[in-house]
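Pasted below: target16.txt, compact mmCIF, C-alpha atoms and all ligand atoms.
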```
# COMPACT_ATOMS: atom_id res chain seq x y z
CA MET A 206 191.59 156.58 381.36
CA ARG A 207 194.53 158.36 383.00
CA ALA A 208 195.75 161.21 380.85
CA PRO A 209 198.89 160.30 378.89
CA TRP A 210 200.05 163.91 379.46
CA GLU A 211 200.86 166.17 382.41
CA GLY A 212 198.66 169.17 381.67
CA PRO A 213 195.10 169.78 382.85
CA ALA A 214 193.35 168.94 379.55
CA ARG A 215 190.60 166.36 380.02
CA VAL A 216 190.96 163.12 378.09
CA LEU A 217 188.56 162.47 375.22
CA ASP A 218 188.86 158.72 375.58
CA GLY A 219 188.22 157.12 372.19
CA LYS A 220 188.95 153.61 373.35
CA ALA A 221 186.36 153.71 376.13
CA THR A 222 183.74 155.46 374.00
CA ALA A 223 184.29 152.99 371.15
CA ALA A 224 183.81 150.13 373.62
CA ALA A 225 180.48 151.61 374.72
CA ILE A 226 179.36 151.97 371.08
CA LYS A 227 180.34 148.36 370.38
CA ALA A 228 178.39 147.13 373.42
CA ASP A 229 175.27 148.89 372.09
CA LEU A 230 175.87 147.45 368.62
CA LYS A 231 176.16 143.94 369.98
CA ALA A 232 172.54 144.01 371.14
CA ARG A 233 171.33 145.51 367.86
CA VAL A 234 173.26 142.92 365.84
CA ALA A 235 171.76 140.08 367.91
CA LYS A 236 168.29 141.41 367.21
CA LEU A 237 168.95 141.76 363.48
CA THR A 238 170.42 138.27 363.32
CA GLU A 239 167.29 136.85 365.03
CA GLN A 240 165.22 138.56 362.36
CA GLY A 241 167.28 136.99 359.57
CA GLN A 242 169.22 140.14 358.71
CA GLN A 243 172.70 139.60 360.18
CA PRO A 244 174.90 142.55 359.19
CA GLY A 245 178.07 141.69 357.26
CA LEU A 246 181.18 143.82 356.65
CA GLY A 247 183.16 143.22 353.47
CA THR A 248 186.74 144.38 352.91
CA LEU A 249 188.78 144.42 349.76
CA LEU A 250 192.53 144.62 350.29
CA VAL A 251 194.71 145.06 347.21
CA GLY A 252 198.42 144.40 347.67
CA GLU A 253 200.70 143.47 350.54
CA ASP A 254 201.17 146.66 352.57
CA PRO A 255 201.61 145.42 356.15
CA GLY A 256 199.98 148.54 357.64
CA SER A 257 196.87 148.10 355.48
CA ARG A 258 196.78 144.41 356.28
CA ALA A 259 196.88 145.15 360.00
CA TYR A 260 194.06 147.71 359.73
CA VAL A 261 191.86 145.28 357.82
CA ALA A 262 192.56 142.50 360.33
CA GLY A 263 191.56 144.90 363.14
CA LYS A 264 188.24 145.62 361.43
CA HIS A 265 187.43 141.92 361.24
CA ARG A 266 188.34 141.46 364.92
CA ASP A 267 185.90 144.26 365.74
CA CYS A 268 183.22 142.46 363.68
CA ALA A 269 183.75 139.20 365.54
CA GLU A 270 183.42 141.09 368.82
CA VAL A 271 179.91 142.37 368.02
CA GLY A 272 178.61 139.46 365.90
CA ILE A 273 178.89 141.06 362.46
CA ALA A 274 179.75 138.59 359.65
CA SER A 275 183.08 139.10 357.82
CA ILE A 276 183.57 138.85 354.08
CA GLN A 277 187.28 139.22 353.24
CA LYS A 278 188.49 139.71 349.68
CA GLU A 279 192.10 140.08 348.61
CA LEU A 280 193.88 140.77 345.34
CA PRO A 281 197.61 140.96 344.51
CA ALA A 282 199.36 144.33 344.15
CA ASP A 283 199.44 144.00 340.35
CA ALA A 284 195.68 143.40 340.04
CA SER A 285 194.07 145.15 337.06
CA ARG A 286 191.25 147.69 337.28
CA GLU A 287 188.96 145.05 335.73
CA GLU A 288 189.83 142.51 338.42
CA ILE A 289 189.20 145.05 341.17
CA LEU A 290 185.89 146.17 339.63
CA ALA A 291 184.82 142.52 339.37
CA VAL A 292 185.25 142.08 343.14
CA VAL A 293 183.38 145.33 343.76
CA GLU A 294 180.48 144.00 341.67
CA GLU A 295 180.60 140.75 343.62
CA LEU A 296 180.29 142.62 346.93
CA ASN A 297 177.53 144.84 345.52
CA ALA A 298 175.56 141.70 344.67
CA ASP A 299 176.31 139.67 347.83
CA PRO A 300 173.26 139.77 350.16
CA ARG A 301 175.41 138.75 353.16
CA CYS A 302 177.44 141.94 352.75
CA THR A 303 175.47 144.92 354.10
CA GLY A 304 178.44 147.27 353.84
CA TYR A 305 182.05 147.15 352.71
CA ILE A 306 185.22 149.13 352.23
CA VAL A 307 187.96 149.11 349.64
CA GLN A 308 191.05 149.63 351.79
CA LEU A 309 193.04 152.70 350.75
CA PRO A 310 195.54 153.47 349.41
CA LEU A 311 195.12 151.43 346.23
CA PRO A 312 198.21 150.66 344.09
CA LYS A 313 199.44 153.64 342.06
CA HIS A 314 198.38 152.27 338.68
CA ILE A 315 194.72 152.26 339.80
CA ASP A 316 192.35 155.24 339.62
CA ALA A 317 190.96 155.04 343.16
CA ASN A 318 188.04 157.37 342.44
CA GLU A 319 186.79 155.15 339.66
CA ILE A 320 186.79 152.16 342.03
CA LEU A 321 185.12 154.06 344.87
CA GLU A 322 182.37 155.31 342.54
CA ALA A 323 181.55 151.72 341.55
CA ILE A 324 180.58 150.87 345.14
CA ASP A 325 176.82 150.62 345.69
CA PRO A 326 176.17 153.85 347.68
CA ASP A 327 173.88 151.96 350.08
CA LYS A 328 176.76 149.57 350.90
CA ASP A 329 179.38 152.32 351.25
CA ALA A 330 180.57 151.62 354.81
CA ASP A 331 183.13 154.48 354.64
CA GLY A 332 180.37 156.96 353.74
CA LEU A 333 182.62 158.55 351.13
CA HIS A 334 180.82 157.66 347.90
CA PRO A 335 180.02 160.84 345.89
CA THR A 336 176.30 160.11 346.22
CA ASN A 337 176.55 159.98 349.99
CA LEU A 338 178.75 163.08 350.24
CA GLY A 339 176.32 164.76 347.84
CA ARG A 340 173.40 163.96 350.11
CA LEU A 341 175.19 165.80 352.93
CA VAL A 342 175.39 168.85 350.69
CA LEU A 343 171.86 168.66 349.31
CA ARG A 344 170.06 167.82 352.57
CA PRO A 345 171.66 170.10 355.15
CA ASN A 346 168.58 169.99 357.38
CA GLY A 347 168.37 166.16 357.60
CA PRO A 348 167.33 163.45 358.05
CA ILE A 349 169.76 161.35 356.03
CA GLU A 350 169.04 157.73 355.19
CA SER A 351 172.49 156.76 353.95
CA PRO A 352 175.93 155.99 355.38
CA LEU A 353 177.85 158.92 356.92
CA PRO A 354 181.64 159.41 356.71
CA CYS A 355 183.24 157.44 359.56
CA THR A 356 186.05 159.67 360.84
CA PRO A 357 183.98 162.89 360.89
CA ARG A 358 181.21 161.08 362.70
CA ALA A 359 183.82 159.58 365.04
CA CYS A 360 185.04 163.10 365.87
CA LEU A 361 181.55 164.39 366.66
CA GLU A 362 180.59 161.35 368.74
CA LEU A 363 183.82 161.61 370.74
CA LEU A 364 183.15 165.29 371.47
CA LYS A 365 179.56 164.54 372.50
CA ALA A 366 180.65 161.71 374.79
CA GLY A 367 183.12 164.09 376.45
CA GLY A 368 180.39 166.65 377.07
CA VAL A 369 181.73 169.22 374.58
CA GLU A 370 178.98 171.52 373.31
CA LEU A 371 178.68 171.47 369.51
CA ASN A 372 175.58 173.59 369.01
CA GLY A 373 176.76 177.05 368.01
CA ALA A 374 180.43 176.19 368.54
CA HIS A 375 183.17 177.34 366.20
CA LEU A 376 184.71 174.12 364.90
CA LEU A 377 187.92 174.61 362.93
CA VAL A 378 189.47 171.73 361.04
CA VAL A 379 193.01 171.80 359.72
CA GLY A 380 193.21 169.71 356.56
CA ARG A 381 191.02 169.42 353.47
CA GLY A 382 191.42 165.71 352.78
CA VAL A 383 188.23 163.93 351.76
CA THR A 384 188.25 161.40 354.61
CA VAL A 385 188.40 164.02 357.38
CA GLY A 386 188.58 167.74 356.70
CA ARG A 387 186.26 168.16 353.73
CA SER A 388 183.63 165.73 354.96
CA LEU A 389 183.76 166.87 358.61
CA GLY A 390 182.84 170.35 357.40
CA LEU A 391 179.81 168.94 355.63
CA LEU A 392 178.68 166.98 358.65
CA ALA A 393 179.36 169.40 361.52
CA GLY A 394 177.55 172.28 359.81
CA ARG A 395 174.33 170.31 359.47
CA LYS A 396 171.31 171.55 361.35
CA GLU A 397 171.23 168.71 363.91
CA ILE A 398 174.87 169.45 364.89
CA ASN A 399 174.80 173.19 364.24
CA ALA A 400 178.48 174.01 364.52
CA THR A 401 180.02 176.87 362.56
CA VAL A 402 182.79 175.37 360.46
CA THR A 403 186.10 176.77 359.25
CA THR A 404 188.23 174.55 356.99
CA CYS A 405 191.93 175.44 356.92
CA HIS A 406 194.68 173.98 354.77
CA THR A 407 198.20 174.61 353.47
CA GLY A 408 196.96 177.74 351.69
CA THR A 409 195.63 179.35 354.88
CA ARG A 410 197.50 182.61 355.42
CA ASP A 411 197.59 182.86 359.22
CA LEU A 412 196.56 179.53 360.69
CA ALA A 413 197.43 180.41 364.31
CA GLU A 414 195.37 183.61 364.17
CA LEU A 415 192.32 181.61 363.04
CA SER A 416 192.85 178.51 365.16
CA ARG A 417 192.99 180.59 368.35
CA GLN A 418 189.36 181.53 367.65
CA ALA A 419 188.16 177.94 367.60
CA ASP A 420 186.12 176.34 370.39
CA ILE A 421 186.90 172.97 368.81
CA LEU A 422 190.13 172.41 366.89
CA VAL A 423 190.36 169.28 364.76
CA ALA A 424 193.92 168.57 363.61
CA ALA A 425 193.79 166.43 360.48
CA SER A 426 196.71 167.74 358.43
CA GLY A 427 199.06 164.77 358.59
CA VAL A 428 201.88 167.16 359.55
CA ALA A 429 203.50 165.86 362.74
CA GLY A 430 203.35 168.40 365.59
CA LEU A 431 201.79 171.19 363.47
CA ILE A 432 199.47 172.32 366.26
CA THR A 433 201.53 174.06 368.95
CA PRO A 434 200.21 175.45 372.27
CA ASP A 435 200.16 179.07 371.02
CA MET A 436 197.62 178.05 368.37
CA VAL A 437 195.04 176.86 370.88
CA ARG A 438 192.49 178.98 372.71
CA PRO A 439 192.67 178.20 376.46
CA GLY A 440 189.96 175.67 377.31
CA ALA A 441 189.31 174.62 373.71
CA ALA A 442 188.66 171.01 372.73
CA VAL A 443 191.40 169.59 370.51
CA LEU A 444 191.11 166.39 368.47
CA ASP A 445 194.40 164.90 367.25
CA VAL A 446 193.38 163.01 364.09
CA GLY A 447 196.45 163.10 361.85
CA VAL A 448 199.02 160.34 361.92
CA SER A 449 202.41 160.49 360.28
CA ARG A 450 205.53 158.42 360.43
CA VAL A 451 208.56 160.35 361.66
CA VAL A 452 212.10 159.22 362.41
CA ASP A 453 212.99 159.30 366.07
CA PRO A 454 216.30 161.28 366.17
CA GLU A 455 217.57 159.22 369.12
CA THR A 456 216.84 155.69 367.92
CA GLY A 457 216.70 156.30 364.16
CA LYS A 458 213.50 154.24 364.09
CA GLY A 459 210.19 155.23 362.47
CA VAL A 460 207.51 156.18 365.00
CA LEU A 461 203.93 157.39 364.57
CA HIS A 462 203.27 160.98 365.54
CA GLY A 463 200.02 162.95 365.69
CA ASP A 464 199.37 166.51 364.48
CA VAL A 465 199.42 167.90 368.02
CA ALA A 466 202.70 169.06 369.56
CA ASP A 467 203.80 168.68 373.19
CA GLY A 468 202.39 171.30 375.55
CA VAL A 469 198.92 171.57 374.02
CA ASP A 470 197.71 169.58 377.04
CA GLN A 471 198.65 172.65 379.15
CA VAL A 472 196.29 174.94 377.23
CA ALA A 473 193.40 172.83 375.91
CA GLY A 474 190.34 172.05 378.01
CA TYR A 475 189.87 168.68 376.29
CA LEU A 476 192.26 166.63 374.20
CA SER A 477 192.02 163.32 372.37
CA PRO A 478 195.06 161.09 372.76
CA ASN A 479 196.67 159.64 369.65
CA PRO A 480 196.62 156.63 369.67
CA GLY A 481 193.49 155.92 371.70
CA GLY A 482 191.35 158.81 370.43
CA VAL A 483 189.71 159.20 367.05
CA GLY A 484 191.28 155.98 365.60
CA PRO A 485 189.29 153.47 367.67
CA MET A 486 186.17 155.65 367.22
CA THR A 487 186.55 155.53 363.41
CA ARG A 488 186.57 151.76 363.56
CA ALA A 489 183.47 151.73 365.76
CA LEU A 490 181.59 154.10 363.43
CA LEU A 491 182.40 151.84 360.47
CA LEU A 492 180.49 149.11 362.28
CA VAL A 493 177.66 151.54 363.02
CA ASN A 494 177.29 152.23 359.29
CA VAL A 495 177.07 148.50 358.55
CA VAL A 496 174.49 147.91 361.29
CA GLU A 497 172.40 150.95 360.34
CA THR A 498 172.26 149.73 356.74
CA ALA A 499 171.04 146.31 357.89
CA GLU A 500 168.37 148.03 360.05
CA ARG A 501 167.24 150.10 357.06
CA ASN A 502 167.14 147.00 354.84
CA LEU A 503 164.90 145.30 357.38
CA SER A 504 162.46 148.19 357.71
CA ASN A 505 162.27 148.64 353.91
CA ARG A 506 161.58 144.95 353.32
N1 LIG B 601 188.73 152.59 352.82
C1 LIG B 601 189.43 152.97 353.90
N2 LIG B 601 188.76 153.34 355.01
C2 LIG B 601 189.45 153.74 356.13
O1 LIG B 601 188.83 154.08 357.16
C3 LIG B 601 190.88 153.73 356.11
C4 LIG B 601 191.52 153.34 354.92
N3 LIG B 601 190.78 152.97 353.85
N4 LIG B 601 192.88 153.33 354.85
C5 LIG B 601 193.70 153.65 355.98
C6 LIG B 601 193.02 154.57 356.97
C7 LIG B 601 193.60 154.55 358.36
N5 LIG B 601 192.52 154.19 359.25
C8 LIG B 601 192.64 153.97 360.62
C9 LIG B 601 191.57 153.69 361.44
C10 LIG B 601 191.74 153.41 362.79
C11 LIG B 601 193.00 153.41 363.36
C12 LIG B 601 193.16 153.08 364.79
O2 LIG B 601 192.28 152.54 365.43
N6 LIG B 601 194.34 153.37 365.38
C13 LIG B 601 194.66 153.07 366.75
C14 LIG B 601 196.07 152.59 366.89
C15 LIG B 601 196.43 151.40 366.04
C16 LIG B 601 195.71 150.13 366.43
O3 LIG B 601 195.38 149.94 367.61
O4 LIG B 601 195.53 149.30 365.52
C17 LIG B 601 194.51 154.31 367.60
O5 LIG B 601 194.46 155.42 367.07
O6 LIG B 601 194.41 154.16 368.82
C18 LIG B 601 194.07 153.73 362.56
C19 LIG B 601 193.88 154.01 361.22
C20 LIG B 601 191.42 153.94 358.50
N7 LIG B 601 191.65 154.12 357.20
```
Take the structure in the file and write it out as structure tokens.
Ligand SMILES: Nc1nc(=O)c2c([nH]1)NC[C@@H]1CN(c3ccc(C(=O)N[C@@H](CCC(=O)O)C(=O)O)cc3)C=[N+]21
Amino acid sequence: MRAPWEGPARVLDGKATAAAIKADLKARVAKLTEQGQQPGLGTLLVGEDPGSRAYVAGKHRDCAEVGIASIQKELPADASREEILAVVEELNADPRCTGYIVQLPLPKHIDANEILEAIDPDKDADGLHPTNLGRLVLRPNGPIESPLPCTPRACLELLKAGGVELNGAHLLVVGRGVTVGRSLGLLAGRKEINATVTTCHTGTRDLAELSRQADILVAASGVAGLITPDMVRPGAAVLDVGVSRVVDPETGKGVLHGDVADGVDQVAGYLSPNPGGVGPMTRALLLVNVVETAERNLSNR
């Protein structure tokens, strides 16, 4: 991929790396299907949000591409907690579904954590069930036989594919959200990755002072343009994970903007574009979780 920026930073190409992962999955899915264990991804979408709907549709397109079966469930925005839990139980019991996600955000009247905790941990395609996060904490030296969080794993796989050394590196993540910051810290500090992790957030006193010490800077704050060139150590690898909607002052229209500001491409050694970086990788790693579960089911049979 040609860099979408002018500076010398090398592109961490999520689209190309995701395509390579999907090609590998295709062969594994064919083998599983031959053995009577076709993987299946379930999704539960509650409500009408067009963004959520588009994400879910994208996940099913990815499934079709690699031969994974699709199980799509939908409920209206005013669905009750009981109705949502009933669909979760259905997916837990469905043998065709080897992994599934409940698309977030859920409507405001629903306690999302209660729903997420009802997911069978072995079918947790997001890798964010408390049992699975707990395993990361309790088994820091591996191996782990359960789904891993998708976006953190996407970040690490993208760095590896780009040739960025993780062993012994100082990896600093900005943001303590469960889907990225918190769980990336748990994953990257594991023995088989061996990075030293710093987790920063809105309470961090001098972010720039700390971020300049990072070999790998993962921007997952959801604050558009938070990471400016002065915050980046020359040559560092920078992953732009955050996405926020900002109003373009010229057109007045809403546009998506990453956490990384203009000019970081002049300082960083490696940079992931946004879009085209961690997003496509997250989708690929979701499929990896579903396929790995099917492979485990087969070997435990
Ligand atoms: N239970 C649950 N699991 C999720 O993983 C989850 C979720 N809920 N709710 C919403 C967020 C958002 N998310 C994205 C994943 C990939 C792209 C992605 O691939 N983006 C493309 C651009 C958009 C596109 O091409 O569709 C890119 O970065 O290049 C975007 C957003 C997953 N999420």
For atom CA of Val483 of chain A and atom CA of Asn297 of chain A, determine how far apart the two atoms are, in Å to one decimal place. 28.6 Å
Which neighbours of Arg387 of chain A fall inside 12 Å, counting all atoms listed in the file, when residues of the same chain fewer than 3 positions from it are skipped, and could you give them as a list of chain:residue names? A:Leu333, A:Leu338, A:Leu341, A:Val342, A:Pro354, A:Thr356, A:Pro357, A:Leu377, A:Val378, A:Val379, A:Gly380, A:Arg381, A:Gly382, A:Val383, A:Thr384, A:Gly390, A:Leu391, A:Leu392, A:Ala393, A:Gly394, A:Val402, A:Thr403, A:Thr404, A:Cys405, A:His406, A:Val423, A:Ala425, A:Ser426
Store the residues picked out above in a file with C-alpha atoms, as a PDB file, keeping the file's coordinate frame.
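Written out: out.pdb:
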```pdb
ATOM      1  CA  LEU A 333     182.620 158.550 351.130  1.00  0.00           C
ATOM      2  CA  LEU A 338     178.750 163.080 350.240  1.00  0.00           C
ATOM      3  CA  LEU A 341     175.190 165.800 352.930  1.00  0.00           C
ATOM      4  CA  VAL A 342     175.390 168.850 350.690  1.00  0.00           C
ATOM      5  CA  PRO A 354     181.640 159.410 356.710  1.00  0.00           C
ATOM      6  CA  THR A 356     186.050 159.670 360.840  1.00  0.00           C
ATOM      7  CA  PRO A 357     183.980 162.890 360.890  1.00  0.00           C
ATOM      8  CA  LEU A 377     187.920 174.610 362.930  1.00  0.00           C
ATOM      9  CA  VAL A 378     189.470 171.730 361.040  1.00  0.00           C
ATOM     10  CA  VAL A 379     193.010 171.800 359.720  1.00  0.00           C
ATOM     11  CA  GLY A 380     193.210 169.710 356.560  1.00  0.00           C
ATOM     12  CA  ARG A 381     191.020 169.420 353.470  1.00  0.00           C
ATOM     13  CA  GLY A 382     191.420 165.710 352.780  1.00  0.00           C
ATOM     14  CA  VAL A 383     188.230 163.930 351.760  1.00  0.00           C
ATOM     15  CA  THR A 384     188.250 161.400 354.610  1.00  0.00           C
ATOM     16  CA  GLY A 390     182.840 170.350 357.400  1.00  0.00           C
ATOM     17  CA  LEU A 391     179.810 168.940 355.630  1.00  0.00           C
ATOM     18  CA  LEU A 392     178.680 166.980 358.650  1.00  0.00           C
ATOM     19  CA  ALA A 393     179.360 169.400 361.520  1.00  0.00           C
ATOM     20  CA  GLY A 394     177.550 172.280 359.810  1.00  0.00           C
ATOM     21  CA  VAL A 402     182.790 175.370 360.460  1.00  0.00           C
ATOM     22  CA  THR A 403     186.100 176.770 359.250  1.00  0.00           C
ATOM     23  CA  THR A 404     188.230 174.550 356.990  1.00  0.00           C
ATOM     24  CA  CYS A 405     191.930 175.440 356.920  1.00  0.00           C
ATOM     25  CA  HIS A 406     194.680 173.980 354.770  1.00  0.00           C
ATOM     26  CA  VAL A 423     190.360 169.280 364.760  1.00  0.00           C
ATOM     27  CA  ALA A 425     193.790 166.430 360.480  1.00  0.00           C
ATOM     28  CA  SER A 426     196.710 167.740 358.430  1.00  0.00           C
TER      29      SER A 426
END
```
At most 9 Å is the cut-off: for each residue in chain A with any atom that close to an atom of ligand LIG 601 (chain B), write down the nearest atom pair and the distance in Å rounded to one decimal, counting all atoms listed in the file, chain first then increasing number, as a tab-separated table.
```
residue	atom	partner	partner_atom	distance
A:Gly219	CA	B:LIG601	O6	7.6
A:Lys220	CA	B:LIG601	O6	7.1
A:Thr248	CA	B:LIG601	N1	8.4
A:Leu249	CA	B:LIG601	N1	8.7
A:Gly256	CA	B:LIG601	C5	8.3
A:Ser257	CA	B:LIG601	C5	6.4
A:Ala259	CA	B:LIG601	O4	7.0
A:Tyr260	CA	B:LIG601	O4	6.2
A:Val261	CA	B:LIG601	C4	8.6
A:Gly263	CA	B:LIG601	O4	6.4
A:Lys264	CA	B:LIG601	C10	8.6
A:Tyr305	CA	B:LIG601	N1	8.6
A:Ile306	CA	B:LIG601	N1	5.0
A:Val307	CA	B:LIG601	N1	4.8
A:Gln308	CA	B:LIG601	N1	3.9
A:Leu309	CA	B:LIG601	N3	3.8
A:Pro310	CA	B:LIG601	N4	6.1
A:Leu311	CA	B:LIG601	N3	8.9
A:Leu321	CA	B:LIG601	N1	8.9
A:Ala330	CA	B:LIG601	N2	8.4
A:Asp331	CA	B:LIG601	N2	5.8
A:Leu333	CA	B:LIG601	N1	8.7
A:Pro354	CA	B:LIG601	O1	9.0
A:Cys355	CA	B:LIG601	O1	6.9
A:Thr356	CA	B:LIG601	O1	7.2
A:Thr384	CA	B:LIG601	O1	7.8
A:Val446	CA	B:LIG601	O5	8.2
A:Val448	CA	B:LIG601	C19	8.2
A:Pro478	CA	B:LIG601	O6	8.0
A:Asn479	CA	B:LIG601	O5	5.4
A:Pro480	CA	B:LIG601	O6	3.4
A:Gly481	CA	B:LIG601	O6	3.5
A:Gly482	CA	B:LIG601	O5	5.7
A:Val483	CA	B:LIG601	O5	6.1
A:Gly484	CA	B:LIG601	O5	3.5
A:Pro485	CA	B:LIG601	O2	3.9
A:Met486	CA	B:LIG601	O2	7.1
A:Thr487	CA	B:LIG601	C10	5.6
A:Arg488	CA	B:LIG601	C10	5.5
A:Ala489	CA	B:LIG601	O2	8.9
A:Leu491	CA	B:LIG601	O1	7.6
```
Write out as a list in words which residues come within 7 Å of Leu371 of chain A when counting only C-alpha atoms, dropping same-chain ones fewer than 6 positions away.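 Listed by chain and then number, they are Ile398, Asn399 and Ala400 of chain A.
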Please provide as a VMD selection string all residues within 12 Å of Ala317 of chain A, with the sequence filter that same-chain residues fewer than 2 positions apart are discarded (counting all atoms listed in the file). chain A and resid 251 286 289 to 290 307 to 315 319 to 324 334
Find the residues near Gln471 of chain A: any atom within 10 Å, counting all atoms listed in the file, skip ones fewer than 4 places away on the same chain, and give them as a list in words. Trp210, Glu211, Gly212, Pro213, Ala214, Pro434, Val437, Pro439, Gly440 and Asp467 of chain A
Between atom CA of Arg395 of chain A and atom CA of Asn372 of chain A, what is the spacing in Å? 10.2 Å
Can you pull out every residue within 10 Å of segment 492-501 of chain A, counting only C-alpha atoms, but drop anything in the same chain fewer than 5 positions away, and send it as a PyMOL selection string? chain A and resi 226-227+229-231+233-234+236-238+242-247+264+267-268+271+273+301-305+327-332+350-355+486-487+506
Have a look at A:Ala274, A:Leu280, A:Leu412, A:Gly427 and name the one nearest to Pro300 of chain A; count only C-alpha atoms. A:Ala274
Residue nearest Val460 of chain A among A:Ala228, A:Thr401, A:Ala429, A:Lys396 (counting all atoms listed in the file): A:Ala429
Between atom CA of His462 of chain A and atom CA of Leu431 of chain A, what distance in Å does the model show, to one decimal? 10.5 Å
Go through A:Val465, A:His265, A:Ser388, A:Ala225 and flag the residue nearest Gly339 of chain A, using all atoms listed in the file for the distances.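 Ranking A:Val465, A:His265, A:Ser388, A:Ala225 by distance to Gly339 of chain A, first place goes to A:Ser388.
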